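One structure is given here, and the rest of the page talks about it.
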Amino acid sequence: MANIMTVDDTATMRQMISFTLSSVGHHVVQACDGEEALKLARQKKLDLVIADVNMPVMDGISLIKSLRQMPEYRFTPILMLTTESQENKRQEGRVAGATGWIVKPFNPEQLINVVNKVLG
Amino acid sequence: MPIDIRQFHQTFFEESTEGLAMMEQLLLQMEGAAGSRGMTSPDPENLNSIFRVVHSIKGGSSTFGFGWLADFSHLLETALDDLRAGRRQPDRETTDLLLRSVDALRNLLEGARTGAAIDKTRIEEIASALEVPSVTKAAEASTAEAPEHGWHVSFQPGPELFRSGNDPLRIIRELGALGTLQVSADVSRLPRWEAYDPETCYLGWQIKLSGRDQSRQAVKAAFEWVADISEITLAPMREAKRSEGDTPPASGDGDHTLVKARGPSIRVSTARVDSLMDIVGELVITQTMISETVAQFTPADLPRLLVGLTQLERNVRQLQESVISIRLLPIGFVYSRLPRLIRDLAQRLGKQVDLELSGEQTELDKTVIERISDPLLHMVRNCLDHGIETPAERRRAGKPETGHLRVHAHQKSGYVHVVVEDDGRGLSYEQIRQRAVQAGLLNADTRPTPEQMHELIFYPGFSTASEVSDISGRGVGLDVVRENIRSLGGSVEVSSTPGSGTRFTLRLPLTLAIMDGLSILIGDQTYLLPLTSIVESIHLTDDRLSRLPDGQEIFALREDYLGLIRLHELFHIPSRHTDVSQGIVVVVEVDGRRAGLYVDELLGQQQVVIKNIESHYQRVDGISAATILGDGTVALILDVAGLMRLSPRPVMAPDAPGCVPRRGSPRSTISDPRALH
């Protein structure tokens with residue numbers, strides 16, 4: 001189905017997202033920070049990027065900015081993972097070009113719903 | 001489709017444990033920096049790393065419903081945020097609090113993982129010290145407003161909408177899931193063709209959403225991501241009675257589920273798995289080749305078959321090495337606990353010490369790593385408690401006030417050596433002697449050699465701390481350390497210079513599962529000798545043997561005299577010959593001691609899989625384990641250090657060349673009682 005990338009510095013989150021989305025037939029690639037994500041994004045066109053905000057090397061906001069500057073990712077859905085308390089991060093992400101956000105904690109069903117919604 | 005998220009628990013626990021270890025290290029670094037340069041603001045990068053650790057734990061624990069853990073990590077995160085924003089001082093007190101928070105998190109994690117008891121009072125105490133009012137969950141007044149007939153929605157997206165990757169169609173479709181839609185587009189903002197920019201959103205929509213029980217929240221949720229860049233108005237449709245209101249589904253919060261761990265796991269780099277896969281590929285090819293050769297076998301094919309078998313042997317060996325390497329972990333895992341321990345202990349003892357760690361990349365089998373952790377901690381603690389002096393004492397001795405403690409690991413001939421070294425006062429031989437006399441281990445008038453004194457400190461229940469401290473002077477200590485290390489097939493050695501330091505050397509096998517051995521024959525029994533302990537094999541003639549008055553046979557080998565151990569006598573096996581020139585003498589060395597083992601025949605070198613015999617039978621002195629030979633028979637693996645202990649006479653240490661072991665030495669009184677049977 002869709003090519004999705006999960007970007008998170010915690011393996012737990014990556015594994016959970018990857019496993020959940022793979023189980024409904026998506027192809028999922030994993031990156032552990034923004035820089036690795038950019039590398040992967042260049043190699044292959046992705047249909048959706050799910051990125052954490054807080055990451056070493058390159059954080060989620062910078063990743064979104066960089067992706068939006070690439071012609072092939074101008075309109076690609078990019079979702080941020082945020083927590084309840086990160087209102088300002090959401091704003092920052094929005095300005096950087098994020099499509100939306102998923103609020104942690106979430107369960108697999110919620111994730112699938114959101115992804116289905118975005119992929120239409 | 002239900003997905004069981006419990007399968008991610010194990011990763012979460014492992015990751016969190018690693019994260020906490022890192023956090024602890026960073027905190028100690030921060031504290032170290034603050035100590036030497038006065039008050040400084042911490043390195044923002046370090047602070048960010050710490051923040052990320054806590055943030056991940058918080059995220060994971062709330063996802064998995066570990067309520068306590070989530071609440072606590074939330075408090076900690078807030079405190080860290082304050083620190084980051086300069087609202088909290090990065091002083092020693094804060095660092096201390098953060099370090100205690102690490103402990104609290106460990107406790108909570110352990111509680112979530114195994115159901116172990118949580119130290120509630122302590123955690124609450126730390127939590128309140130984090131000075132943030134406990135999370136009061138703003139009981140979200142559920143603005144459940146669900147008109148019976150639906151909503152009028154006006155949706156005017158901002159022009160930038162597309163550039164965030166959003167799509168109005170998607171939003172409208174989502175609304176459609178809530179009820180029946182009647183949508184009309186508002187094209188009034190569309191510009192003239194020449195001015196039209198395809199990447200700008202000009203359209204707006206009027207939507208009539210009809211149906212029952214759509215809460216305002218649910219409708220708003222569809223616009224959640226675009227609310228701040230669009231104009232959205234919601235109005236309930238008229239001619240509606242208010243419904244009873246809906247209750248939001250209960251969330252799983254506060255459900256402190258305990259999880260049984262799924263058994264230990266290790267993380268392996270993909271490169272290692274790939275290489276494993278390559279080897280398995282090779283193995284399949286070899287197997288095909290052999291089965292083809294065998295299928296139409298004629299004697300002329302024999303060379304081909306042999307080539308195939310050689311290849312098979314190589315593949316199996318590679319496979320074995322790869323599998324072993326998967327189980328290898330860097331010793332750094334054990335090191336990570338040391339800085340904290342040293343810090344706390346030094347503080348309590350009023351001592352100053354520099355910890356130097358090196359060789360953290362040295363790899364050891366996972367089981368070995370797990371089992372040396374405590375012994376290593378114990379030795380380090382011992383060095384700090386007994387070895388390193390107080391600053392005043394050091395000053396008097398003309399040494400720098402800050403002591404030096406060094407832990408170094410390196411690989412050497414199939415073993416890993418871990419050295420724990422301090423520049424403290426060294427072993428006090430006089431104290432050891434007195435203590436031994438007191439304990440009845442030694443006659444009052446004997447003057448044991450330093451070597452024998454070293455042996456004494458490993459004696460069960462032996463402790464020289466003049467007053468028993470709660471740190472390492474409990475008298476359970478070095479003997480347990482040595483037992484643990486020996487049970488891993490390793491050894492402990494100590495050397496000391498009075499006034500300038502003590503050095504402990506742990507010698508550990510790389511892996512516990514497979515060993516290179518030399519098979520030897522005694523009578524009609526096959527035994528195995530670990531290759532790592534063999535120095536050389538020699539032929540002796542009777543005239544090179546001399547006999548000490550007590551009957552111990554010795555022989556000269558170049559500079560040294562070595563004791564001869566006739567294994568058939570030790571094991572009471574009828575030997576084929578007793579004339580030393582008809583058999584062969586294998587010179588072995590362990591812990592710097594050497595001896596000659598007299599055997600009937602050397603059979604050859606081979607790799608053997610080690611099978612524990614203690615768990616099936618009992619501990620046997622002089623035998624470390626057993627293995628199964630190619631023909632299916634069981635062979636015992638000799639424990640060289642044990643044989644030397646079994647041999648009634650002490651075996652020469654190489655640092656006393658040309659001298660004959662002293663007879664009547666006090667050794668028989670102080671040596672391990674097991675050596676006497």
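By order in the structure tokens, chains are A, B, ...; within a chain, residues start at 1; ligands start at 1, following the order shown.
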* **Contact residues around Gln29 of chain B with only C-alpha atoms at 10 Å, ignoring same-chain residues under 6 positions, as a VMD selection string** => chain B and resid 23 35 42 to 43 46 339
* May I have the residues of chain A within 7 Å of chain B, counting only C-alpha atoms, written as an MDAnalysis selection string? => chainID A and resid 10 12 16 54 74:78 97:100 104:108 117:118 120
Export N, CA and C atoms of the chosen residues as an mmCIF file, in the first residue's frame?
data_model
loop_
_atom_site.group_PDB
_atom_site.id
_atom_site.type_symbol
_atom_site.label_atom_id
_atom_site.label_comp_id
_atom_site.auth_asym_id
_atom_site.auth_seq_id
_atom_site.Cartn_x
_atom_site.Cartn_y
_atom_site.Cartn_z
ATOM 1 N N THR A 10 13.425 6.815 19.734
ATOM 2 C CA THR A 10 13.213 5.671 20.613
ATOM 3 C C THR A 10 12.753 4.479 19.788
ATOM 4 N N THR A 12 11.335 1.852 20.777
ATOM 5 C CA THR A 12 10.006 1.363 21.152
ATOM 6 C C THR A 12 8.940 1.961 20.239
ATOM 7 N N MET A 16 6.785 0.088 17.366
ATOM 8 C CA MET A 16 5.350 -0.006 17.512
ATOM 9 C C MET A 16 4.658 0.546 16.278
ATOM 10 N N ASN A 54 11.301 15.756 19.397
ATOM 11 C CA ASN A 54 12.568 15.751 20.114
ATOM 12 C C ASN A 54 13.460 14.638 19.626
ATOM 13 N N ARG A 74 6.684 18.691 -1.160
ATOM 14 C CA ARG A 74 5.973 19.935 -0.821
ATOM 15 C C ARG A 74 4.588 19.674 -0.268
ATOM 16 N N PHE A 75 3.942 18.636 -0.784
ATOM 17 C CA PHE A 75 2.557 18.405 -0.360
ATOM 18 C C PHE A 75 2.365 17.064 0.353
ATOM 19 N N THR A 76 3.459 16.390 0.618
ATOM 20 C CA THR A 76 3.353 15.088 1.279
ATOM 21 C C THR A 76 2.894 15.267 2.734
ATOM 22 N N PRO A 77 1.956 14.471 3.173
ATOM 23 C CA PRO A 77 1.549 14.576 4.579
ATOM 24 C C PRO A 77 2.713 14.263 5.527
ATOM 25 N N ILE A 78 2.917 15.151 6.478
ATOM 26 C CA ILE A 78 3.931 14.912 7.507
ATOM 27 C C ILE A 78 3.259 15.097 8.867
ATOM 28 N N GLY A 97 5.557 23.549 8.462
ATOM 29 C CA GLY A 97 4.890 22.879 7.350
ATOM 30 C C GLY A 97 4.316 21.511 7.682
ATOM 31 N N ALA A 98 4.165 21.219 8.960
ATOM 32 C CA ALA A 98 3.597 19.920 9.323
ATOM 33 C C ALA A 98 2.127 19.868 8.934
ATOM 34 N N THR A 99 1.671 18.680 8.531
ATOM 35 C CA THR A 99 0.283 18.522 8.164
ATOM 36 C C THR A 99 -0.585 18.458 9.413
ATOM 37 N N GLY A 100 -0.104 17.717 10.394
ATOM 38 C CA GLY A 100 -0.892 17.562 11.608
ATOM 39 C C GLY A 100 -0.069 16.864 12.651
ATOM 40 N N LYS A 104 0.717 11.797 21.729
ATOM 41 C CA LYS A 104 1.108 10.632 22.526
ATOM 42 C C LYS A 104 0.449 10.752 23.895
ATOM 43 N N PRO A 105 0.050 9.717 24.531
ATOM 44 C CA PRO A 105 0.081 8.339 24.038
ATOM 45 C C PRO A 105 -1.088 8.034 23.100
ATOM 46 N N PHE A 106 -0.836 7.100 22.212
ATOM 47 C CA PHE A 106 -1.922 6.680 21.325
ATOM 48 C C PHE A 106 -1.850 5.168 21.231
ATOM 49 N N ASN A 107 -2.936 4.552 20.865
ATOM 50 C CA ASN A 107 -2.897 3.101 20.712
ATOM 51 C C ASN A 107 -2.900 2.754 19.220
ATOM 52 N N PRO A 108 -2.591 1.521 18.880
ATOM 53 C CA PRO A 108 -2.458 1.148 17.472
ATOM 54 C C PRO A 108 -3.687 1.496 16.634
ATOM 55 N N LYS A 117 -6.882 8.251 7.493
ATOM 56 C CA LYS A 117 -7.476 9.557 7.243
ATOM 57 C C LYS A 117 -6.559 10.379 6.340
ATOM 58 N N VAL A 118 -5.268 10.369 6.645
ATOM 59 C CA VAL A 118 -4.331 11.187 5.892
ATOM 60 C C VAL A 118 -4.117 10.648 4.491
ATOM 61 N N GLY A 120 -6.175 8.966 2.858
ATOM 62 C CA GLY A 120 -7.426 9.052 2.109
ATOM 63 C C GLY A 120 -7.789 7.737 1.479
#
If you run DSSP on the backbone here, which positions in segment 341-372 of chain B get alpha helix (DSSP H)? Please write them as an mmCIF file with C-alpha atoms, in the first residue's frame.
data_model
loop_
_atom_site.group_PDB
_atom_site.id
_atom_site.type_symbol
_atom_site.label_atom_id
_atom_site.label_comp_id
_atom_site.auth_asym_id
_atom_site.auth_seq_id
_atom_site.Cartn_x
_atom_site.Cartn_y
_atom_site.Cartn_z
ATOM 1 C CA LEU B 341 29.045 4.007 42.734
ATOM 2 C CA ILE B 342 32.411 5.703 43.124
ATOM 3 C CA ARG B 343 30.851 9.110 43.459
ATOM 4 C CA ASP B 344 28.423 8.094 46.174
ATOM 5 C CA LEU B 345 30.947 6.043 48.028
ATOM 6 C CA ALA B 346 33.708 8.633 47.892
ATOM 7 C CA GLN B 347 31.291 11.188 49.230
ATOM 8 C CA ARG B 348 30.335 8.967 52.123
ATOM 9 C CA LEU B 349 33.898 8.061 52.972
ATOM 10 C CA LYS B 366 26.604 -11.882 27.699
ATOM 11 C CA THR B 367 26.462 -14.409 30.522
ATOM 12 C CA VAL B 368 29.974 -13.528 31.639
ATOM 13 C CA ILE B 369 29.115 -9.844 31.543
ATOM 14 C CA GLU B 370 26.085 -10.430 33.703
ATOM 15 C CA ARG B 371 27.953 -12.522 36.198
ATOM 16 C CA ILE B 372 31.038 -10.367 36.642
#
* Apply DSSP to the backbone of this structure and, from segment 235-369 of chain B, keep only the residues in strand (DSSP E or B); write these as a PyMOL selection string. => chain B and resi 235-236+242+328-330+353-358+363-365
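Pairwise distance (atom CA of Trp193 of chain B, atom CA of Val95 of chain A) equals 28.6 Å.
By chain and then residue number, the residues within 12 Å of Glu72 of chain A are Ala41, Arg42, Gln43, Lys44, Lys45, Leu46, Asp47, Leu48, Ser66, Leu67 and Pro77 of chain A; Gly165 of chain B, counting only C-alpha atoms and disregarding those fewer than 5 positions away in sequence.
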* **Spatial neighbours of Ser322 of chain B, 12 Å, only C-alpha atoms, chain gap at least 6 places, as a list in words** => Val268, Ser269, Ala271, Arg272, Val273, Asp274, Ser275, Leu276, Met277, Asp278, Ile279, Val280, Asn315, Val316 and Leu328 of chain B
Dump C-alpha atoms for the selected residues as a CSV table (one decimal), in the first residue's frame?
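Produced file out.csv, reproduced below:
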chain,number,residue,atom,x,y,z
B,268,VAL,CA,22.2,-7.3,17.6
B,269,SER,CA,23.6,-5.1,14.9
B,271,ALA,CA,25.7,-6.4,10.1
B,272,ARG,CA,26.1,-9.4,12.4
B,273,VAL,CA,22.8,-10.8,11.3
B,274,ASP,CA,23.8,-10.3,7.7
B,275,SER,CA,27.0,-12.1,8.1
B,276,LEU,CA,25.2,-14.9,9.8
B,277,MET,CA,22.9,-15.1,6.8
B,278,ASP,CA,25.9,-15.2,4.4
B,279,ILE,CA,27.4,-18.1,6.2
B,280,VAL,CA,24.1,-20.0,6.2
B,315,ASN,CA,31.5,-23.0,7.4
B,316,VAL,CA,30.6,-24.5,10.7
B,328,LEU,CA,29.3,-10.7,22.9
* For segment 120-124 of chain B, please output as an MDAnalysis selection string all residues within 7 Å (counting only C-alpha atoms; exclusion window: fewer than 3 positions along the same chain). => chainID B and resid 104 127:128
Serialized selection, C-alpha atoms, as an mmCIF file, in the first residue's frame:
data_model
loop_
_atom_site.group_PDB
_atom_site.id
_atom_site.type_symbol
_atom_site.label_atom_id
_atom_site.label_comp_id
_atom_site.auth_asym_id
_atom_site.auth_seq_id
_atom_site.Cartn_x
_atom_site.Cartn_y
_atom_site.Cartn_z
ATOM 1 C CA ALA B 104 13.337 6.208 41.411
ATOM 2 C CA ALA B 127 8.470 13.749 43.453
ATOM 3 C CA SER B 128 7.660 16.513 45.863
#
